[in-house]
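**Student:** I am attaching a structure below and will ask some questions about it afterwards.
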Amino acid sequence: MIEFQNVSKTFQGNTVIDNISFTIDDGEFVVLLGESGCGKTTTLRMINKLILPSSGTIKINGSNIAQLETIPLRRRMGYVIQQTGLFPHMTIRENIEIIARLNSKDTAKIEKDAKDLMDMVNLDPDVYLDVYPSEMSGGQQQRAGVVRAFMSDPEIILMDEPFSALDPLTRTQLQNSLMEMQGALKRTIVFVTHDMDEAVRLADRICIMEGGKITQFDNPEMIMKHPANDFVREFVGPNRIWMSPELIKTQDIMIREPVCCLPWMPIFKCIELMSQKKVDTLMVTDPKKHLLGVLFAESLIGTHDTKRPAQDLMEKSFTSASPDSSIVDLLNLFNERKLSTLPVINEQGIIEGLITRSTLVTTLSRQFISEEEEERA
C-alpha cells in the first residue's frame with residue numbers, strides 16, 4: 001500500500017505539490033492524469049525518492065520511506081520511462097536481468113522469468129534476448145523496458161508516460177500487453193499520462209491533478225459520469241463516455257418507476273391503467289415488487305372476459321437485464337431478441353426499472369446532440 005499524507009513539494013519558492021493525501025491499495029492500477037506541469041511526474045518520483053517531499057509523509061506498507069534506505073527501496077520497484085532507459089552497450093538479456101541478478105542468485109528462475117515476460121509483450125525471446133537496443137525499433141525497446149520493470153518481481157511499478165512517444169498502433173499493442181501482464185501478476189502500478197483515453201483504458205482509479213492539487217480521485221466511470229468541477233468536465237470532454245460505452249450502465253438510463261400491477265388485478269382495470277399512464281406494457285409484480293411476468297397490451301386484444309386476472313394473460317417467460325448491464329449488452333439483447341421492452345431486475349428478482357427502445361434511441365442521440373452544440377459553440 002502507498003500512502004501520501006499531507007505531502008507538499010516546493011522548488012525555489014514555487015509550490016508544485018500542494019498538501020496532497022491519497023492511498024493506493026496493493027495490486028491497484030492508478031493513473032496520475034493532468035496537463036503538463038500539474039505535478040503528476042513529481043508525485044510519481046517522490047514514491048521512489050528521486051524527489052524528496054518538502055513536507056508531509058509518504059508510506060509504503062506502513063513504513064515512512066524517509067526512514068528507509070534508498071537503494072533497497074528502489075530495488076523493490078520497477079521503473080519505466082518514456083526513453084526506455086536501456087543501456088546501449090548491453091544486450092536485451094543483460095538489460096532486463098540486471099536488477100533481478102542483484103536481488104537473486106537463482107539463475108534458472110531469472111532466465112525462465114525473462115522468457116515468460118518477453119512472451120507476454122510479444123517479443124520472441126529466441127530472437128530478441130541477445131540483440132542490442134540499437135537493433136530494435138522504438139516500440140520493441142519500450143516492450144523490453146516494460147519487461148525489465150517486471151523482472152525483479154517488484155511490489156510497485158512506476159511508469160512515467162512510457163508510451164507517449166510511440167505511434168498509435170504500437171501504443172495500443174503495448175497497452176494491451178500491459179493489461180495482460182497486470183491481470184496475470186497483479187502488481188501495484190502508478191502510471192503517469194496526459195492522455196484521458198489511455199487513463200480510462202488502463203486504470204482501476206484515476207487521480208486528476210491541477211496546479212499541484214488533486215481535483216478528483218475515482219474510478220473512470222464515476223469521473224466521466226460525475227466530474228468534480230468544470231476543469232475535470234473540460235478535461236474529460238462531453239462525449240468521452242461514448243468512447244467507452246461499456247461504462248454506461250442500465251441503471252443510468254432506465255425508467256426508474258415502471259408502471260406495475262398486481263397479479264390479481266382484473267384485465268379491465270389493467271386496460272384503464274395502461275390508458276391513464278399512456279403505456280402498452282405493465283410489469284406484473286407481487287406486493288414486494290418481485291417481477292412475476294409482463295402484460296402486453298397486444299395480448300389483451302380480443303379478450304372477452306375482462307374480469308380475468310392479469311396473471312392469466314401475462315408473459316411468464318421474459319428477458320430481463322441487471323442494473324449493472326452495459327448499454328452494449330442492452331443493444332445486443334434488443335437486436336438479437338427483437339425486444340420492445342426490457343425489465344430491469346436485481347439479484348433478488350425485484351424490479352428496479354425498465355428499458356424501452358425509445359429509451360435507447362434517446363440515450364444514443366445525446367452524443368450527436370452534444371456534438372452539434374459543441375460545434376455551434
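Please note that chains go A, B, ... in the order of the C-alpha cells, that every chain numbers its residues from 1, and that ligands are numbered from 1 in the order shown.
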Might you pull out every residue within 7 Å of region 291-295 of chain A, with only C-alpha atoms counted and same-chain residues fewer than 5 positions away left off, and present them as a ChimeraX atom specification?

**Tutor:** /A:281-286,313-316,349-351

**Student:** For C-alpha atoms, I'd like the residues from the last selection saved as a JSON list (two decimals), in the first residue's frame.

**Tutor:**
[["chain", "number", "residue", "atom", "x", "y", "z"],
["A", 281, "THR", "CA", -46.91, -2.79, -21.08],
["A", 282, "LEU", "CA", -47.44, -3.49, -17.38],
["A", 283, "MET", "CA", -44.95, -5.14, -15.06],
["A", 284, "VAL", "CA", -46.82, -7.74, -13.00],
["A", 285, "THR", "CA", -45.33, -7.97, -9.50],
["A", 286, "ASP", "CA", -46.19, -9.30, -6.07],
["A", 313, "LEU", "CA", -52.57, -13.34, -19.67],
["A", 314, "MET", "CA", -49.14, -12.14, -18.57],
["A", 315, "GLU", "CA", -45.98, -13.40, -20.26],
["A", 316, "LYS", "CA", -44.20, -15.51, -17.65],
["A", 349, "GLY", "CA", -35.79, -10.59, -8.60],
["A", 350, "ILE", "CA", -37.19, -7.19, -7.60],
["A", 351, "ILE", "CA", -37.97, -4.82, -10.44]]

**Student:** Which residues of region 57-123 of chain A come within 8 Å of region 30-48 of chain A, and what is each one's closest atom pair and distance in Å (one decimal), counting only C-alpha atoms, sorted by chain and residue number, as JSON lines?

**Tutor:**
{"residue": "A:Ile58", "atom": "CA", "partner": "A:Ile47", "partner_atom": "CA", "distance": 7.3}
{"residue": "A:Thr70", "atom": "CA", "partner": "A:Asn48", "partner_atom": "CA", "distance": 7.6}
{"residue": "A:Leu73", "atom": "CA", "partner": "A:Asn48", "partner_atom": "CA", "distance": 6.9}
{"residue": "A:Arg74", "atom": "CA", "partner": "A:Asn48", "partner_atom": "CA", "distance": 5.8}
{"residue": "A:Met77", "atom": "CA", "partner": "A:Asn48", "partner_atom": "CA", "distance": 7.6}

**Student:** For those residues, write all heavy atoms to a file as a PDB file, in the first residue's frame.

**Tutor:**
ATOM      1  N   ILE A  58       5.281  10.033   3.213  1.00  0.00           N
ATOM      2  CA  ILE A  58       4.942   9.014   2.225  1.00  0.00           C
ATOM      3  C   ILE A  58       5.271   7.661   2.852  1.00  0.00           C
ATOM      4  O   ILE A  58       6.397   7.442   3.310  1.00  0.00           O
ATOM      5  CB  ILE A  58       5.734   9.203   0.917  1.00  0.00           C
ATOM      6  CG1 ILE A  58       5.446  10.583   0.330  1.00  0.00           C
ATOM      7  CG2 ILE A  58       5.388   8.101  -0.089  1.00  0.00           C
ATOM      8  CD1 ILE A  58       6.341  10.945  -0.833  1.00  0.00           C
ATOM      9  N   THR A  70      17.564   4.153   0.533  1.00  0.00           N
ATOM     10  CA  THR A  70      17.066   4.470  -0.802  1.00  0.00           C
ATOM     11  C   THR A  70      17.292   3.346  -1.802  1.00  0.00           C
ATOM     12  O   THR A  70      16.374   2.965  -2.546  1.00  0.00           O
ATOM     13  CB  THR A  70      17.729   5.762  -1.320  1.00  0.00           C
ATOM     14  OG1 THR A  70      17.416   6.831  -0.417  1.00  0.00           O
ATOM     15  CG2 THR A  70      17.223   6.111  -2.713  1.00  0.00           C
ATOM     16  N   LEU A  73      15.098   0.329  -1.327  1.00  0.00           N
ATOM     17  CA  LEU A  73      13.724   0.731  -1.641  1.00  0.00           C
ATOM     18  C   LEU A  73      13.493   0.688  -3.144  1.00  0.00           C
ATOM     19  O   LEU A  73      12.490   0.148  -3.627  1.00  0.00           O
ATOM     20  CB  LEU A  73      13.460   2.140  -1.104  1.00  0.00           C
ATOM     21  CG  LEU A  73      12.100   2.743  -1.473  1.00  0.00           C
ATOM     22  CD1 LEU A  73      10.984   2.026  -0.725  1.00  0.00           C
ATOM     23  CD2 LEU A  73      12.077   4.244  -1.177  1.00  0.00           C
ATOM     24  N   ARG A  74      14.421   1.254  -3.898  1.00  0.00           N
ATOM     25  CA  ARG A  74      14.251   1.315  -5.356  1.00  0.00           C
ATOM     26  C   ARG A  74      14.323  -0.066  -5.996  1.00  0.00           C
ATOM     27  O   ARG A  74      13.699  -0.298  -7.031  1.00  0.00           O
ATOM     28  CB  ARG A  74      15.304   2.237  -5.967  1.00  0.00           C
ATOM     29  CG  ARG A  74      15.082   3.706  -5.632  1.00  0.00           C
ATOM     30  CD  ARG A  74      16.161   4.597  -6.189  1.00  0.00           C
ATOM     31  NE  ARG A  74      15.946   5.987  -5.804  1.00  0.00           N
ATOM     32  CZ  ARG A  74      16.853   6.949  -5.913  1.00  0.00           C
ATOM     33  NH1 ARG A  74      18.057   6.666  -6.407  1.00  0.00           N
ATOM     34  NH2 ARG A  74      16.566   8.185  -5.534  1.00  0.00           N
ATOM     35  N   MET A  77      11.108  -1.776  -6.585  1.00  0.00           N
ATOM     36  CA  MET A  77      10.201  -1.139  -7.543  1.00  0.00           C
ATOM     37  C   MET A  77      10.713  -1.292  -8.964  1.00  0.00           C
ATOM     38  O   MET A  77      11.917  -1.284  -9.219  1.00  0.00           O
ATOM     39  CB  MET A  77      10.073   0.364  -7.245  1.00  0.00           C
ATOM     40  CG  MET A  77       9.573   0.689  -5.864  1.00  0.00           C
ATOM     41  SD  MET A  77       9.441   2.481  -5.640  1.00  0.00           S
ATOM     42  CE  MET A  77       9.127   2.564  -3.863  1.00  0.00           C
TER      43      MET A  77
END

**Student:** Can you tell me, as an MDAnalysis selection string, which residues in region 92-312 of chain A count as strand (DSSP E) by DSSP?

**Tutor:** chainID A and resid 156:160 188:193 205:210 213:218 260:261 281:285 291:296

**Student:** Please, which residues of region 289-348 of chain A, numbered as in this document, come out helix (DSSP H, G or I) from DSSP, as a list in words?

**Tutor:**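 These are the residues in question: Ala297, Glu298, Ser299, Leu300, Ala310, Gln311, Asp312, Leu313, Ile327, Val328, Asp329, Leu330, Leu331, Asn332, Leu333, Phe334, Asn335, Glu336 and Arg337 of chain A.
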
**Student:** Any chance you can output those residues with all heavy atoms as a compact mmCIF listing (two decimals), in the first residue's frame?

**Tutor:**
# COMPACT_ATOMS: atom_id res chain seq x y z
N ALA A 297 -50.14 -5.05 -24.02
CA ALA A 297 -51.45 -4.60 -24.48
C ALA A 297 -51.95 -5.47 -25.63
O ALA A 297 -53.15 -5.80 -25.70
CB ALA A 297 -51.38 -3.14 -24.91
N GLU A 298 -51.05 -5.88 -26.52
CA GLU A 298 -51.47 -6.67 -27.68
C GLU A 298 -52.05 -8.02 -27.27
O GLU A 298 -52.88 -8.60 -27.99
CB GLU A 298 -50.31 -6.86 -28.64
CG GLU A 298 -49.13 -7.59 -28.03
CD GLU A 298 -47.91 -7.63 -28.94
OE1 GLU A 298 -47.75 -6.73 -29.77
OE2 GLU A 298 -47.13 -8.59 -28.80
N SER A 299 -51.64 -8.53 -26.10
CA SER A 299 -52.16 -9.83 -25.66
C SER A 299 -53.58 -9.72 -25.12
O SER A 299 -54.26 -10.73 -24.89
CB SER A 299 -51.25 -10.43 -24.58
OG SER A 299 -51.32 -9.67 -23.39
N LEU A 300 -54.05 -8.47 -24.92
CA LEU A 300 -55.39 -8.27 -24.38
C LEU A 300 -56.43 -8.09 -25.49
O LEU A 300 -57.63 -8.07 -25.23
CB LEU A 300 -55.41 -7.04 -23.47
CG LEU A 300 -54.38 -7.04 -22.32
CD1 LEU A 300 -54.54 -5.78 -21.48
CD2 LEU A 300 -54.52 -8.29 -21.46
N ALA A 310 -54.77 -10.47 -14.23
CA ALA A 310 -53.62 -10.20 -15.10
C ALA A 310 -52.71 -11.42 -15.24
O ALA A 310 -52.12 -11.65 -16.30
CB ALA A 310 -52.81 -9.02 -14.54
N GLN A 311 -52.58 -12.20 -14.18
CA GLN A 311 -51.67 -13.34 -14.22
C GLN A 311 -52.07 -14.39 -15.26
O GLN A 311 -51.23 -15.17 -15.71
CB GLN A 311 -51.57 -13.98 -12.84
CG GLN A 311 -52.88 -14.55 -12.31
CD GLN A 311 -52.77 -14.98 -10.85
OE1 GLN A 311 -51.71 -14.90 -10.24
NE2 GLN A 311 -53.88 -15.46 -10.30
N ASP A 312 -53.36 -14.38 -15.67
CA ASP A 312 -53.79 -15.35 -16.67
C ASP A 312 -53.24 -15.03 -18.05
O ASP A 312 -53.06 -15.93 -18.88
CB ASP A 312 -55.33 -15.40 -16.74
CG ASP A 312 -55.93 -16.13 -15.55
OD1 ASP A 312 -55.15 -16.60 -14.69
OD2 ASP A 312 -57.17 -16.23 -15.47
N LEU A 313 -53.00 -13.76 -18.33
CA LEU A 313 -52.57 -13.34 -19.67
C LEU A 313 -51.15 -12.78 -19.71
O LEU A 313 -50.66 -12.41 -20.77
CB LEU A 313 -53.55 -12.29 -20.22
CG LEU A 313 -54.98 -12.79 -20.47
CD1 LEU A 313 -55.87 -11.64 -20.89
CD2 LEU A 313 -55.00 -13.88 -21.52
N ILE A 327 -24.74 -0.57 -21.76
CA ILE A 327 -25.58 -0.23 -22.90
C ILE A 327 -25.25 -1.13 -24.09
O ILE A 327 -26.11 -1.41 -24.93
CB ILE A 327 -25.43 1.27 -23.27
CG1 ILE A 327 -26.56 1.69 -24.21
CG2 ILE A 327 -24.08 1.55 -23.86
CD1 ILE A 327 -26.63 3.18 -24.45
N VAL A 328 -24.02 -1.62 -24.14
CA VAL A 328 -23.63 -2.57 -25.20
C VAL A 328 -24.43 -3.87 -25.05
O VAL A 328 -24.95 -4.42 -26.02
CB VAL A 328 -22.12 -2.85 -25.15
CG1 VAL A 328 -21.73 -3.88 -26.20
CG2 VAL A 328 -21.33 -1.57 -25.33
N ASP A 329 -24.55 -4.35 -23.80
CA ASP A 329 -25.35 -5.55 -23.53
C ASP A 329 -26.81 -5.34 -23.93
O ASP A 329 -27.45 -6.22 -24.52
CB ASP A 329 -25.29 -5.93 -22.05
CG ASP A 329 -23.88 -6.22 -21.57
OD1 ASP A 329 -23.10 -6.76 -22.36
OD2 ASP A 329 -23.58 -5.92 -20.40
N LEU A 330 -27.33 -4.15 -23.61
CA LEU A 330 -28.73 -3.85 -23.92
C LEU A 330 -28.98 -3.86 -25.42
O LEU A 330 -29.97 -4.43 -25.91
CB LEU A 330 -29.12 -2.49 -23.34
CG LEU A 330 -29.07 -2.34 -21.82
CD1 LEU A 330 -29.49 -0.94 -21.42
CD2 LEU A 330 -29.96 -3.37 -21.13
N LEU A 331 -28.09 -3.21 -26.16
CA LEU A 331 -28.25 -3.16 -27.62
C LEU A 331 -28.23 -4.56 -28.21
O LEU A 331 -29.03 -4.87 -29.11
CB LEU A 331 -27.14 -2.30 -28.23
CG LEU A 331 -27.25 -0.79 -27.97
CD1 LEU A 331 -25.97 -0.08 -28.38
CD2 LEU A 331 -28.44 -0.20 -28.73
N ASN A 332 -27.34 -5.39 -27.71
CA ASN A 332 -27.27 -6.77 -28.21
C ASN A 332 -28.57 -7.53 -27.91
O ASN A 332 -29.08 -8.26 -28.76
CB ASN A 332 -26.08 -7.50 -27.59
CG ASN A 332 -24.76 -7.02 -28.14
OD1 ASN A 332 -24.69 -6.51 -29.25
ND2 ASN A 332 -23.69 -7.17 -27.36
N LEU A 333 -29.10 -7.36 -26.69
CA LEU A 333 -30.35 -8.04 -26.33
C LEU A 333 -31.52 -7.58 -27.20
O LEU A 333 -32.30 -8.39 -27.71
CB LEU A 333 -30.69 -7.78 -24.85
CG LEU A 333 -29.97 -8.63 -23.81
CD1 LEU A 333 -30.30 -8.13 -22.41
CD2 LEU A 333 -30.36 -10.09 -23.94
N PHE A 334 -31.65 -6.28 -27.39
CA PHE A 334 -32.75 -5.75 -28.19
C PHE A 334 -32.66 -6.23 -29.64
O PHE A 334 -33.68 -6.55 -30.26
CB PHE A 334 -32.77 -4.22 -28.13
CG PHE A 334 -33.58 -3.68 -26.98
CD1 PHE A 334 -33.02 -3.53 -25.72
CD2 PHE A 334 -34.91 -3.32 -27.15
CE1 PHE A 334 -33.77 -3.05 -24.67
CE2 PHE A 334 -35.67 -2.83 -26.09
CZ PHE A 334 -35.10 -2.70 -24.85
N ASN A 335 -31.44 -6.27 -30.17
CA ASN A 335 -31.29 -6.67 -31.57
C ASN A 335 -31.46 -8.17 -31.76
O ASN A 335 -32.11 -8.62 -32.70
CB ASN A 335 -29.91 -6.23 -32.08
CG ASN A 335 -29.82 -4.73 -32.26
OD1 ASN A 335 -30.84 -4.07 -32.49
ND2 ASN A 335 -28.62 -4.18 -32.14
N GLU A 336 -30.88 -8.96 -30.85
CA GLU A 336 -30.93 -10.41 -31.00
C GLU A 336 -32.33 -10.98 -30.75
O GLU A 336 -32.75 -11.92 -31.42
CB GLU A 336 -29.93 -11.07 -30.04
CG GLU A 336 -28.47 -10.83 -30.41
CD GLU A 336 -27.52 -11.31 -29.32
OE1 GLU A 336 -28.02 -11.88 -28.31
OE2 GLU A 336 -26.31 -11.10 -29.46
N ARG A 337 -33.05 -10.38 -29.81
CA ARG A 337 -34.34 -10.95 -29.40
C ARG A 337 -35.54 -10.13 -29.86
O ARG A 337 -36.67 -10.40 -29.47
CB ARG A 337 -34.37 -11.15 -27.89
CG ARG A 337 -33.17 -11.95 -27.41
CD ARG A 337 -33.32 -12.46 -26.00
NE ARG A 337 -32.10 -13.14 -25.58
CZ ARG A 337 -31.97 -13.79 -24.43
NH1 ARG A 337 -32.98 -13.85 -23.59
NH2 ARG A 337 -30.83 -14.39 -24.12

**Student:** Between CA of Phe150 (chain A) and CA of Ile189 (chain A), what is the distance, to one decimal in Å?

**Tutor:** 10.5 Å

**Student:** Could you check which of A:Val361, A:Ile96, A:Leu339, A:Ile110 is closest to Tyr128 (chain A), using only C-alpha atoms?

**Tutor:**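 Checking each candidate against Tyr128 (chain A), we get A:Ile96 as the closest.
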
**Student:** Can you work out the spacing between CA of Met90 (chain A) and CA of Tyr132 (chain A) in Å, to one decimal?

**Tutor:**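 That distance, rounded to one decimal, is 6.3 Å.
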
**Student:** So which residues touch Asp153 (chain A) within 12 Å, counting only C-alpha atoms, skipping near sequence neighbours fewer than 3 positions away, as a PyMOL selection string?

**Tutor:** chain A and resi 75-78+96-97+99-101+103-104+109-110+113-114+117+147-150+156-157+185-188

**Student:** Could you work out how far CA of Pro245 (chain A) lies from CA of Ala184 (chain A), giving the answer in Å with one decimal?

**Tutor:**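 Between these atoms lies a distance of 25.3 Å.
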
**Student:** Could you check the closest approach to Gly138 (chain A) for each of A:Ile98, A:Met181, A:Leu86, A:Ile214 and tell me which residue wins, using only C-alpha atoms?

**Tutor:**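 That would be A:Leu86, the residue with the smallest distance to Gly138 (chain A).
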
**Student:** Quick one: everything within 10 Å of region 202-205 of chain A, counting only C-alpha atoms, minus sequence neighbours fewer than 6 positions away in the same chain. Send it as a list in words.

**Tutor:**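 My list of contacting residues is Ile24, Gly27, Glu28, Phe29, Val30, Val31, Leu32, Gln175, Asn176, Leu178, Met179, Gln182, Ile189, Val190, Phe191, Phe217, Asp218, Asn219, Pro220, Glu221, Met222 and Ile223 of chain A.
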
**Student:** Emit the selected residues as a short mmCIF file (atom, residue, chain, number, x, y, z; two decimals), in the first residue's frame, including C-alpha atoms.

**Tutor:**
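And here is the file that came out, result.cif:
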data_model
loop_
_atom_site.label_atom_id
_atom_site.label_comp_id
_atom_site.auth_asym_id
_atom_site.auth_seq_id
_atom_site.Cartn_x
_atom_site.Cartn_y
_atom_site.Cartn_z
CA ILE A 24 -3.17 3.29 -3.38
CA GLY A 27 -2.47 -4.63 -6.71
CA GLU A 28 -4.23 -1.45 -7.83
CA PHE A 29 -3.53 0.28 -11.15
CA VAL A 30 -3.69 4.04 -10.58
CA VAL A 31 -3.16 6.64 -13.29
CA LEU A 32 -1.94 10.15 -12.44
CA GLN A 175 -1.39 -1.09 -23.54
CA ASN A 176 -2.92 -4.48 -24.28
CA LEU A 178 0.43 -4.23 -20.00
CA MET A 179 -3.18 -5.07 -19.13
CA GLN A 182 -1.27 -6.82 -14.78
CA ILE A 189 1.17 0.22 -10.73
CA VAL A 190 1.36 4.01 -10.72
CA PHE A 191 1.19 5.33 -14.28
CA PHE A 217 -9.61 10.65 -7.49
CA ASP A 218 -12.09 7.99 -8.55
CA ASN A 219 -12.74 5.16 -10.99
CA PRO A 220 -13.07 6.04 -14.70
CA GLU A 221 -16.83 5.50 -14.74
CA MET A 222 -17.51 7.95 -11.90
CA ILE A 223 -15.15 10.57 -13.33
#

**Student:** I want to know what sits within 10 Å of Glu352 (chain A), based on only C-alpha atoms, with residues of the same chain fewer than 6 positions away left out; could you give that as an NGL selection string?

**Tutor:** :A and (251 or 254-258 or 289-291 or 322-323 or 343-346)
